[in-house]
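Structure data (mmCIF, C-alpha atoms and all ligand atoms) from upload.cif:
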data_start
loop_
_atom_site.group_PDB
_atom_site.id
_atom_site.type_symbol
_atom_site.label_atom_id
_atom_site.label_comp_id
_atom_site.auth_asym_id
_atom_site.auth_seq_id
_atom_site.Cartn_x
_atom_site.Cartn_y
_atom_site.Cartn_z
ATOM 1 C CA MET A 1 110.594 96.231 95.453
ATOM 2 C CA GLN A 2 113.329 95.089 97.797
ATOM 3 C CA TYR A 3 112.886 91.423 98.674
ATOM 4 C CA TYR A 4 115.716 91.214 101.171
ATOM 5 C CA ASN A 5 118.336 93.190 103.018
ATOM 6 C CA GLN A 6 121.605 92.349 104.761
ATOM 7 C CA ASP A 7 119.719 90.785 107.694
ATOM 8 C CA THR A 8 117.454 88.473 105.695
ATOM 9 C CA TYR A 9 117.864 84.720 105.951
ATOM 10 C CA ILE A 10 116.892 82.165 103.354
ATOM 11 C CA PHE A 11 116.774 78.409 103.796
ATOM 12 C CA LEU A 12 119.141 76.716 101.351
ATOM 13 C CA ASP A 13 119.690 72.947 101.256
ATOM 14 C CA GLY A 14 119.361 72.367 104.977
ATOM 15 C CA GLU A 15 120.948 75.571 106.245
ATOM 16 C CA PHE A 16 119.827 79.073 107.061
ATOM 17 C CA VAL A 17 122.095 81.501 105.232
ATOM 18 C CA LYS A 18 122.078 85.220 104.600
ATOM 19 C CA ALA A 19 120.293 86.040 101.338
ATOM 20 C CA ASN A 20 122.984 88.500 100.295
ATOM 21 C CA GLU A 21 125.757 85.949 100.861
ATOM 22 C CA ALA A 22 124.165 82.981 99.066
ATOM 23 C CA GLY A 23 125.225 82.165 95.532
ATOM 24 C CA THR A 24 123.830 80.142 92.687
ATOM 25 C CA ASP A 25 125.301 77.955 89.976
ATOM 26 C CA PHE A 26 125.598 79.775 86.654
ATOM 27 C CA PHE A 27 125.847 76.432 84.840
ATOM 28 C CA GLY A 28 122.512 75.204 86.176
ATOM 29 C CA GLN A 29 119.625 74.015 84.032
ATOM 30 C CA ALA A 30 117.148 76.036 86.086
ATOM 31 C CA LEU A 31 118.769 79.285 85.026
ATOM 32 C CA HIS A 32 119.247 78.309 81.383
ATOM 33 C CA TYR A 33 116.167 76.224 80.629
ATOM 34 C CA GLY A 34 113.681 77.059 83.407
ATOM 35 C CA TYR A 35 114.087 73.546 84.823
ATOM 36 C CA GLY A 36 112.772 74.165 88.316
ATOM 37 C CA ALA A 37 109.525 74.008 90.259
ATOM 38 C CA PHE A 38 108.214 76.373 92.883
ATOM 39 C CA GLU A 39 105.380 77.212 95.240
ATOM 40 C CA GLY A 40 103.830 80.281 96.765
ATOM 41 C CA LEU A 41 102.196 80.110 100.181
ATOM 42 C CA ARG A 42 101.360 82.594 102.866
ATOM 43 C CA ALA A 43 101.868 82.938 106.593
ATOM 44 C CA TYR A 44 99.274 84.934 108.498
ATOM 45 C CA SER A 45 99.507 86.560 111.883
ATOM 46 C CA THR A 46 96.510 85.033 113.665
ATOM 47 C CA HIS A 47 95.297 84.983 117.265
ATOM 48 C CA ASN A 48 96.787 81.454 117.336
ATOM 49 C CA GLY A 49 100.206 82.856 116.376
ATOM 50 C CA VAL A 50 101.971 82.695 113.010
ATOM 51 C CA ARG A 51 100.133 80.190 110.828
ATOM 52 C CA LEU A 52 100.920 78.916 107.347
ATOM 53 C CA PHE A 53 97.724 78.517 105.333
ATOM 54 C CA LYS A 54 97.333 75.057 103.771
ATOM 55 C CA ALA A 55 101.078 74.389 104.005
ATOM 56 C CA GLU A 56 100.692 70.645 103.406
ATOM 57 C CA ALA A 57 98.778 71.145 100.195
ATOM 58 C CA HIS A 58 101.437 73.562 98.940
ATOM 59 C CA PHE A 59 104.440 71.376 99.761
ATOM 60 C CA ASP A 60 102.640 68.293 98.423
ATOM 61 C CA ARG A 61 102.019 70.168 95.190
ATOM 62 C CA LEU A 62 105.704 71.129 95.097
ATOM 63 C CA ARG A 63 106.551 67.436 95.274
ATOM 64 C CA THR A 64 104.150 66.504 92.456
ATOM 65 C CA SER A 65 105.423 69.408 90.340
ATOM 66 C CA CYS A 66 108.974 68.067 90.749
ATOM 67 C CA GLU A 67 107.860 64.502 90.008
ATOM 68 C CA ALA A 68 106.182 65.725 86.821
ATOM 69 C CA ILE A 69 109.547 66.879 85.472
ATOM 70 C CA ASN A 70 111.792 64.240 87.088
ATOM 71 C CA LEU A 71 113.382 66.672 89.465
ATOM 72 C CA PRO A 72 114.602 64.797 92.573
ATOM 73 C CA PHE A 73 112.619 65.689 95.699
ATOM 74 C CA PRO A 74 114.248 64.018 98.702
ATOM 75 C CA TRP A 75 112.509 66.168 101.364
ATOM 76 C CA SER A 76 109.385 65.449 103.377
ATOM 77 C CA THR A 77 106.478 67.878 103.535
ATOM 78 C CA ARG A 78 106.759 67.828 107.309
ATOM 79 C CA GLU A 79 110.399 68.894 107.443
ATOM 80 C CA LEU A 80 109.822 71.652 104.898
ATOM 81 C CA ILE A 81 106.924 73.022 106.943
ATOM 82 C CA GLU A 82 109.080 73.004 110.088
ATOM 83 C CA GLN A 83 111.917 74.760 108.277
ATOM 84 C CA THR A 84 109.519 77.360 106.920
ATOM 85 C CA TYR A 85 108.291 78.208 110.428
ATOM 86 C CA GLU A 86 111.902 78.449 111.547
ATOM 87 C CA LEU A 87 112.750 80.704 108.626
ATOM 88 C CA LEU A 88 109.901 83.049 109.561
ATOM 89 C CA ALA A 89 111.092 83.131 113.169
ATOM 90 C CA LYS A 90 114.700 83.840 112.096
ATOM 91 C CA ASN A 91 113.478 86.734 109.966
ATOM 92 C CA ASN A 92 111.076 88.010 112.658
ATOM 93 C CA MET A 93 108.210 87.733 110.231
ATOM 94 C CA ARG A 94 104.612 87.131 111.207
ATOM 95 C CA ALA A 95 102.777 87.697 107.942
ATOM 96 C CA ALA A 96 104.703 86.827 104.807
ATOM 97 C CA TYR A 97 104.648 85.371 101.339
ATOM 98 C CA ILE A 98 106.834 82.281 101.120
ATOM 99 C CA ARG A 99 108.528 81.051 97.988
ATOM 100 C CA PRO A 100 110.058 77.559 97.975
ATOM 101 C CA LEU A 101 111.976 76.800 94.765
ATOM 102 C CA VAL A 102 113.499 73.474 93.736
ATOM 103 C CA PHE A 103 116.150 73.828 91.057
ATOM 104 C CA SER A 104 118.551 71.631 89.175
ATOM 105 C CA GLY A 105 122.319 71.910 89.332
ATOM 106 C CA SER A 106 125.121 72.128 86.739
ATOM 107 C CA ASN A 107 124.168 70.372 83.514
ATOM 108 C CA MET A 108 124.055 71.888 80.073
ATOM 109 C CA HIS A 109 122.515 68.766 78.543
ATOM 110 C CA LEU A 110 118.777 68.412 78.025
ATOM 111 C CA THR A 111 118.628 65.452 80.374
ATOM 112 C CA SER A 112 116.821 65.019 83.677
ATOM 113 C CA ALA A 113 118.609 66.298 86.759
ATOM 114 C CA ALA A 114 120.507 63.823 88.931
ATOM 115 C CA ASN A 115 120.123 66.044 91.968
ATOM 116 C CA SER A 116 118.425 69.215 93.006
ATOM 117 C CA SER A 117 118.565 71.999 95.541
ATOM 118 C CA ILE A 118 115.855 73.726 97.496
ATOM 119 C CA VAL A 119 115.693 77.330 98.557
ATOM 120 C CA ILE A 120 112.924 78.866 100.655
ATOM 121 C CA ALA A 121 112.628 82.635 100.767
ATOM 122 C CA ALA A 122 110.068 84.805 102.534
ATOM 123 C CA TRP A 123 109.174 88.458 102.300
ATOM 124 C CA GLU A 124 106.407 90.753 103.461
ATOM 125 C CA TRP A 125 103.973 91.236 100.611
ATOM 126 C CA GLY A 126 100.487 92.703 100.458
ATOM 127 C CA PRO A 127 97.881 91.392 98.020
ATOM 128 C CA PHE A 128 99.694 90.801 94.714
ATOM 129 C CA LEU A 129 97.179 92.716 92.587
ATOM 130 C CA GLY A 130 96.333 95.351 95.189
ATOM 131 C CA GLN A 131 92.983 95.823 96.925
ATOM 132 C CA ASN A 132 91.003 97.668 94.251
ATOM 133 C CA LEU A 133 88.618 96.037 91.810
ATOM 134 C CA LEU A 134 90.511 94.984 88.705
ATOM 135 C CA LYS A 135 90.455 95.865 85.042
ATOM 136 C CA VAL A 136 91.391 92.747 83.097
ATOM 137 C CA CYS A 137 91.751 92.064 79.394
ATOM 138 C CA LEU A 138 91.738 88.956 77.264
ATOM 139 C CA SER A 139 95.254 88.132 76.168
ATOM 140 C CA ASP A 140 96.323 86.961 72.705
ATOM 141 C CA ILE A 141 98.761 84.654 74.488
ATOM 142 C CA ARG A 142 97.170 81.308 75.273
ATOM 143 C CA ARG A 143 97.803 78.914 78.138
ATOM 144 C CA PRO A 144 100.244 76.104 77.332
ATOM 145 C CA HIS A 145 98.654 73.104 75.610
ATOM 146 C CA PRO A 146 98.031 70.351 78.228
ATOM 147 C CA LYS A 147 99.467 67.790 75.813
ATOM 148 C CA SER A 148 102.773 69.589 75.518
ATOM 149 C CA PHE A 149 103.046 70.917 79.051
ATOM 150 C CA GLN A 150 102.195 69.620 82.487
ATOM 151 C CA ILE A 151 99.737 72.439 83.242
ATOM 152 C CA ASP A 152 98.919 71.174 86.737
ATOM 153 C CA ALA A 153 102.562 71.589 87.807
ATOM 154 C CA LYS A 154 104.156 74.851 88.899
ATOM 155 C CA ILE A 155 107.196 74.778 86.636
ATOM 156 C CA SER A 156 109.516 77.772 86.405
ATOM 157 C CA GLY A 157 109.804 77.947 82.592
ATOM 158 C CA GLN A 158 106.042 78.078 82.141
ATOM 159 C CA TYR A 159 105.827 81.556 83.622
ATOM 160 C CA ILE A 160 107.454 83.270 80.665
ATOM 161 C CA ASN A 161 104.053 83.285 78.954
ATOM 162 C CA ALA A 162 102.447 84.674 82.086
ATOM 163 C CA ILE A 163 105.058 87.457 82.187
ATOM 164 C CA ARG A 164 104.359 88.290 78.534
ATOM 165 C CA ALA A 165 100.578 88.277 79.004
ATOM 166 C CA THR A 166 100.675 90.427 82.153
ATOM 167 C CA SER A 167 103.171 92.888 80.693
ATOM 168 C CA ASP A 168 100.990 93.339 77.587
ATOM 169 C CA ALA A 169 97.924 93.886 79.789
ATOM 170 C CA ILE A 170 99.668 96.526 81.900
ATOM 171 C CA ARG A 171 100.998 98.265 78.784
ATOM 172 C CA LYS A 172 97.395 98.553 77.547
ATOM 173 C CA GLY A 173 96.224 100.069 80.862
ATOM 174 C CA PHE A 174 94.796 96.921 82.482
ATOM 175 C CA ASP A 175 95.799 95.234 85.739
ATOM 176 C CA GLU A 176 95.872 91.588 84.685
ATOM 177 C CA ALA A 177 95.398 89.300 81.674
ATOM 178 C CA LEU A 178 92.917 86.476 81.179
ATOM 179 C CA MET A 179 94.233 83.667 79.020
ATOM 180 C CA LEU A 180 92.346 81.290 76.740
ATOM 181 C CA ASP A 181 93.009 77.565 76.689
ATOM 182 C CA GLN A 182 94.094 75.581 73.629
ATOM 183 C CA ASP A 183 90.492 75.428 72.345
ATOM 184 C CA GLY A 184 89.678 79.093 72.793
ATOM 185 C CA PHE A 185 87.754 78.816 76.084
ATOM 186 C CA VAL A 186 88.610 81.254 78.858
ATOM 187 C CA ALA A 187 90.911 79.399 81.247
ATOM 188 C CA GLN A 188 92.281 81.704 83.930
ATOM 189 C CA ALA A 189 94.434 84.736 84.627
ATOM 190 C CA SER A 190 98.221 84.601 84.356
ATOM 191 C CA SER A 191 98.584 83.386 87.940
ATOM 192 C CA GLU A 192 95.071 83.267 89.388
ATOM 193 C CA ASN A 193 91.987 81.166 88.788
ATOM 194 C CA LEU A 194 88.739 82.694 87.542
ATOM 195 C CA PHE A 195 85.163 82.519 88.807
ATOM 196 C CA ILE A 196 82.205 84.274 87.197
ATOM 197 C CA GLU A 197 78.746 84.820 88.649
ATOM 198 C CA LYS A 198 75.592 84.587 86.544
ATOM 199 C CA ASP A 199 72.035 84.485 87.907
ATOM 200 C CA TYR A 200 73.206 83.764 91.494
ATOM 201 C CA LYS A 201 75.410 80.811 90.488
ATOM 202 C CA LEU A 202 79.175 80.656 90.216
ATOM 203 C CA TYR A 203 80.995 79.115 87.272
ATOM 204 C CA THR A 204 84.657 78.201 86.956
ATOM 205 C CA PRO A 205 86.594 76.309 84.267
ATOM 206 C CA PRO A 206 87.201 72.619 85.038
ATOM 207 C CA MET A 207 90.528 71.335 86.380
ATOM 208 C CA GLU A 208 91.695 69.706 83.129
ATOM 209 C CA ASN A 209 92.338 73.075 81.560
ATOM 210 C CA VAL A 210 93.530 75.193 84.422
ATOM 211 C CA PHE A 211 96.148 75.201 87.130
ATOM 212 C CA PRO A 212 94.731 73.437 90.226
ATOM 213 C CA GLY A 213 94.763 76.425 92.523
ATOM 214 C CA ILE A 214 94.593 75.765 96.240
ATOM 215 C CA THR A 215 92.614 78.998 96.646
ATOM 216 C CA ARG A 216 90.246 77.798 93.892
ATOM 217 C CA GLN A 217 89.600 74.676 95.981
ATOM 218 C CA THR A 218 89.176 76.809 99.123
ATOM 219 C CA VAL A 219 86.583 78.905 97.283
ATOM 220 C CA MET A 220 84.708 75.741 96.307
ATOM 221 C CA ASP A 221 84.792 74.568 99.945
ATOM 222 C CA ILE A 222 83.578 77.931 101.212
ATOM 223 C CA CYS A 223 80.730 77.778 98.669
ATOM 224 C CA LYS A 224 79.739 74.360 99.965
ATOM 225 C CA GLY A 225 79.670 75.708 103.533
ATOM 226 C CA LEU A 226 77.655 78.784 102.526
ATOM 227 C CA ASN A 227 75.329 76.912 100.142
ATOM 228 C CA PHE A 228 76.386 78.718 96.990
ATOM 229 C CA GLU A 229 76.178 76.623 93.853
ATOM 230 C CA VAL A 230 79.368 76.314 91.786
ATOM 231 C CA VAL A 231 79.358 74.772 88.326
ATOM 232 C CA GLU A 232 82.634 73.621 86.762
ATOM 233 C CA LYS A 233 82.333 74.121 83.041
ATOM 234 C CA ARG A 234 84.302 75.483 80.157
ATOM 235 C CA LEU A 235 83.583 79.185 79.737
ATOM 236 C CA THR A 236 83.273 80.943 76.409
ATOM 237 C CA VAL A 237 84.436 84.505 75.903
ATOM 238 C CA GLU A 238 80.720 85.381 75.641
ATOM 239 C CA ASP A 239 80.032 83.761 79.052
ATOM 240 C CA VAL A 240 82.711 85.918 80.624
ATOM 241 C CA TYR A 241 81.580 89.128 78.899
ATOM 242 C CA THR A 242 77.918 88.613 79.875
ATOM 243 C CA ALA A 243 78.438 87.560 83.510
ATOM 244 C CA ASP A 244 76.939 89.599 86.349
ATOM 245 C CA SER A 245 80.274 89.740 88.164
ATOM 246 C CA ALA A 246 83.606 87.910 88.346
ATOM 247 C CA PHE A 247 86.641 87.487 90.548
ATOM 248 C CA LEU A 248 90.161 86.065 90.546
ATOM 249 C CA CYS A 249 91.707 83.973 93.292
ATOM 250 C CA GLY A 250 95.178 82.824 94.218
ATOM 251 C CA THR A 251 97.499 82.704 97.197
ATOM 252 C CA ALA A 252 99.365 85.858 96.256
ATOM 253 C CA ALA A 253 96.332 87.873 95.137
ATOM 254 C CA GLY A 254 93.784 86.494 97.612
ATOM 255 C CA ILE A 255 90.237 86.940 96.315
ATOM 256 C CA ILE A 256 89.835 90.042 94.260
ATOM 257 C CA GLY A 257 86.834 91.281 92.299
ATOM 258 C CA ILE A 258 86.920 92.250 88.626
ATOM 259 C CA LYS A 259 85.326 95.557 87.714
ATOM 260 C CA GLN A 260 85.843 95.465 83.988
ATOM 261 C CA ILE A 261 86.841 93.032 81.273
ATOM 262 C CA ASP A 262 88.141 94.683 78.113
ATOM 263 C CA GLU A 263 85.602 97.463 77.513
ATOM 264 C CA THR A 264 82.739 95.756 79.396
ATOM 265 C CA THR A 265 81.985 96.781 82.986
ATOM 266 C CA TYR A 266 80.230 94.184 85.144
ATOM 267 C CA PRO A 267 76.716 95.315 86.104
ATOM 268 C CA GLU A 268 76.558 93.959 89.665
ATOM 269 C CA ASP A 269 77.832 96.086 92.521
ATOM 270 C CA TRP A 270 80.780 94.071 93.917
ATOM 271 C CA GLU A 271 79.612 94.451 97.532
ATOM 272 C CA HIS A 272 76.414 92.579 96.633
ATOM 273 C CA THR A 273 78.017 89.666 94.805
ATOM 274 C CA ILE A 274 78.637 86.099 95.925
ATOM 275 C CA GLY A 275 82.333 86.792 95.305
ATOM 276 C CA SER A 276 82.307 89.539 97.896
ATOM 277 C CA SER A 277 80.801 87.181 100.553
ATOM 278 C CA ILE A 278 83.441 84.608 99.694
ATOM 279 C CA GLN A 279 86.162 87.244 99.921
ATOM 280 C CA ARG A 280 85.042 88.154 103.452
ATOM 281 C CA THR A 281 84.859 84.497 104.519
ATOM 282 C CA TYR A 282 88.277 83.758 103.027
ATOM 283 C CA LYS A 283 89.865 86.605 104.988
ATOM 284 C CA LYS A 284 88.401 85.230 108.221
ATOM 285 C CA LEU A 285 89.464 81.712 107.321
ATOM 286 C CA VAL A 286 93.130 82.523 106.734
ATOM 287 C CA LEU A 287 93.214 84.567 109.933
ATOM 288 C CA GLU A 288 91.557 81.670 111.790
ATOM 289 C CA GLN A 289 88.698 83.900 112.872
ATOM 290 C CA GLU A 290 86.221 81.369 111.502
ATOM 291 C CA ASN A 291 85.759 77.803 112.622
ATOM 292 C CA TYR A 292 87.968 76.137 110.034
ATOM 293 C CA GLU A 293 86.526 72.660 110.596
ATOM 294 C CA VAL A 294 82.983 73.819 109.975
ATOM 295 C CA ILE A 295 83.832 75.427 106.693
ATOM 296 C CA ILE A 296 86.272 72.980 105.114
HETATM 297 N N1 LIG B 1 97.288 79.739 88.287
HETATM 298 C C1 LIG B 1 98.622 79.766 88.191
HETATM 299 C C2 LIG B 1 99.251 79.629 86.851
HETATM 300 C C3 LIG B 1 99.396 79.924 89.335
HETATM 301 O O1 LIG B 1 100.733 79.943 89.245
HETATM 302 C C4 LIG B 1 98.776 80.038 90.595
HETATM 303 C C5 LIG B 1 99.595 80.203 91.848
HETATM 304 N N2 LIG B 1 100.221 81.435 91.889
HETATM 305 C C6 LIG B 1 97.388 80.011 90.655
HETATM 306 C C7 LIG B 1 96.668 79.846 89.482
HETATM 307 C C8 LIG B 1 96.679 80.078 91.978
HETATM 308 O O2 LIG B 1 97.029 78.965 92.729
HETATM 309 P P1 LIG B 1 96.969 78.964 94.315
HETATM 310 O O3 LIG B 1 95.575 79.315 94.666
HETATM 311 O O4 LIG B 1 97.324 77.584 94.689
HETATM 312 O O5 LIG B 1 97.926 79.983 94.785
#
Go through the file and emit its structure as structure tokens.
Amino acid sequence: MQYYNQDTYIFLDGEFVKANEAGTDFFGQALHYGYGAFEGLRAYSTHNGVRLFKAEAHFDRLRTSCEAINLPFPWSTRELIEQTYELLAKNNMRAAYIRPLVFSGSNMHLTSAANSSIVIAAWEWGPFLGQNLLKVCLSDIRRPHPKSFQIDAKISGQYINAIRATSDAIRKGFDEALMLDQDGFVAQASSENLFIEKDYKLYTPPMENVFPGITRQTVMDICKGLNFEVVEKRLTVEDVYTADSAFLCGTAAGIIGIKQIDETTYPEDWEHTIGSSIQRTYKKLVLEQENYEVII
């Protein structure tokens, strides 16, 4: 996949520069130790124009991710949102995936960064996991232990495990991996949150053991608006295998149903699940075809 060409701009430390002319510091801690934090948000082409979905929540989370690892964050959410809209305009993009990344500079010591840089890139990207129902497998690779890693922060280095888990899953013929938490409960997919449906109720693992997905929260809000019950509880492998249906959610993937987990196929026809209603509502919400205030 080509993320940029000779005409693509990125935003780098206050300036718009050509992606193919920008450089990085090869003595930086981000490159060597994964000492950086990032976000992923989307812009949609709506009848109200180009609109970033939940931009404040994403840039606020970027700030808290940086604070969690003592990475300086001297920017305001407001200015970053403005610069993101400008970046989209400069690149003539209406619908795009946007990747802000804060990274530390030259320092080979294992000490906190004294200063940091920010880059914001955007590219046109369809749903991350495609549009078809997914085959997922349980991974042997667990989520990081919450006592040794800030699991509610989006820290660059953490994604090595996600890369390993997803690559293993794809090698075995699946689309995505589900990872267990430190105690052996099913936590989430490598970069999406999990919901299962059983007897007309939804269940999702509680926040303490999963990444606090903004789409996860949107799903909960949609459920409130549509009167679907959601229970936050730790899920056993058995719970996940014996569910009626299940889906993953995240900014990059959107809301996407799961057809099969390991060798078990879910019995419920996806079109008749709660997940499918939520998927339809979510699509309308991000495109501002639904009254946002009523739902959220
Ligand atoms: N889990 C992880 C580990 C993630 O990195 C992400 C974001 N890609 C998600 C879940 C979904 O979060 P969001 O809905 O905020 O995109």
For Tyr3 in chain A, the nearest of the candidates A:Ser104, A:Thr166, A:Gln289, A:Asn20, counting only C-alpha atoms: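 Checking each of A:Ser104, A:Thr166, A:Gln289, A:Asn20 against Tyr3 in chain A, counting only C-alpha atoms, the winner is A:Asn20.
Put simply, CA of Gly105 in chain A is 11.0 Å away from CA of Pro72 in chain A.
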The PyMOL selection byres (((chain A and resi 132-141) around 7) and not hetatm) applied to the shown file, residues as a list in words: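 Evaluating the PyMOL selection byres (((chain A and resi 132-141) around 7) and not hetatm) on these coordinates yields Gly130, Gln131, Arg142, Arg143, Ala165, Ala169, Phe174, Asp175, Glu176, Ala177, Leu178, Met179, Ile256, Gly257, Ile258, Lys259, Gln260, Ile261 and Asp262 of chain A.
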Given the PyMOL selection byres (((not hetatm)) within 8 of (chain B and resi 1)), the residues it picks as number ranges by chain: A: 39-41, 58, 154, 159, 162, 188-193, 210-217, 249-252, 254
Which of A:Trp123, A:Thr84, A:Trp75, A:Arg99 sits closest to Thr8 in chain A [using only C-alpha atoms]: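 Result for the nearest residue to Thr8 in chain A: A:Trp123.
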Atomic separation - CA of Tyr97 in chain A relative to CA of Pro74 in chain A, Å: 23.6 Å
Between CA of Leu129 in chain A and CA of Thr218 in chain A - distance in Å to one decimal: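 According to the coordinates, CA of Thr218 in chain A and CA of Leu129 in chain A are separated by 19.0 Å.
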Asp269 in chain A surroundings by only C-alpha atoms, 10 Å radius, close-in-sequence under 5 positions cut, as a list of chain:residue names: A:Asp244, A:Ser245, A:Lys259, A:Ser276
Which of A:Lys147, A:Met108, A:Leu101, A:Ile120 sits closest to Glu15 in chain A [using all atoms listed in the file]: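 Selected residue with least distance to Glu15 in chain A: A:Ile120.
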Find the smallest box with edges along x, y and z containing every listed atom of range 44-57 of chain A, then add 3 Å on each side and report centre and edge lengths in Å to one decimal, as AutoDock Vina command-line options.
--center_x 98.6 --center_y 78.6 --center_z 108.8 --size_x 12.7 --size_y 21.9 --size_z 23.1
Residues matched by the PyMOL selection byres (((chain A and resi 231) around 7) and not hetatm) as a list in words: Leu202, Tyr203, Thr204, Glu229, Val230, Glu232 and Lys233 of chain A
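Every protein or nucleic acid residue with an atom no more than 10 Å from Asp183 in chain A, counting all atoms listed in the file and leaving out same-chain residues fewer than 2 positions away, appears here: Arg142, Arg143, His145, Leu180, Asp181, Phe185, Val186, Ala187, Asn209, Arg234 and Thr236 of chain A.
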Nearest-residue call for Pro127 in chain A, choices A:Ala96, A:Cys223, A:Ala30, A:Gln158, using only C-alpha atoms: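 Closest candidate: A:Ala96.
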Near-Leu71 in chain A list (10 Å; only C-alpha atoms; drop same-chain fewer than 6 positions) as a ChimeraX atom specification: /A:35-37,63-65,102-104,112-117
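For the choices A:Leu52, A:Cys66, A:Ile155, A:Val240, the atom-to-atom distance to Val286 in chain A is smallest for A:Leu52 when using only C-alpha atoms.
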Among the residues A:Ile151, A:Glu271, A:Asp239, A:Ser277, the one that comes closest to Asn227 in chain A [using all atoms listed in the file]: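 Among A:Ile151, A:Glu271, A:Asp239, A:Ser277, it is A:Ser277 that comes nearest to Asn227 in chain A.
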Long-range neighbours of range 43-48 of chain A as a count of residues only, 10 Å cut-off, all atoms listed in the file, 4 positions minimum in chain: 20
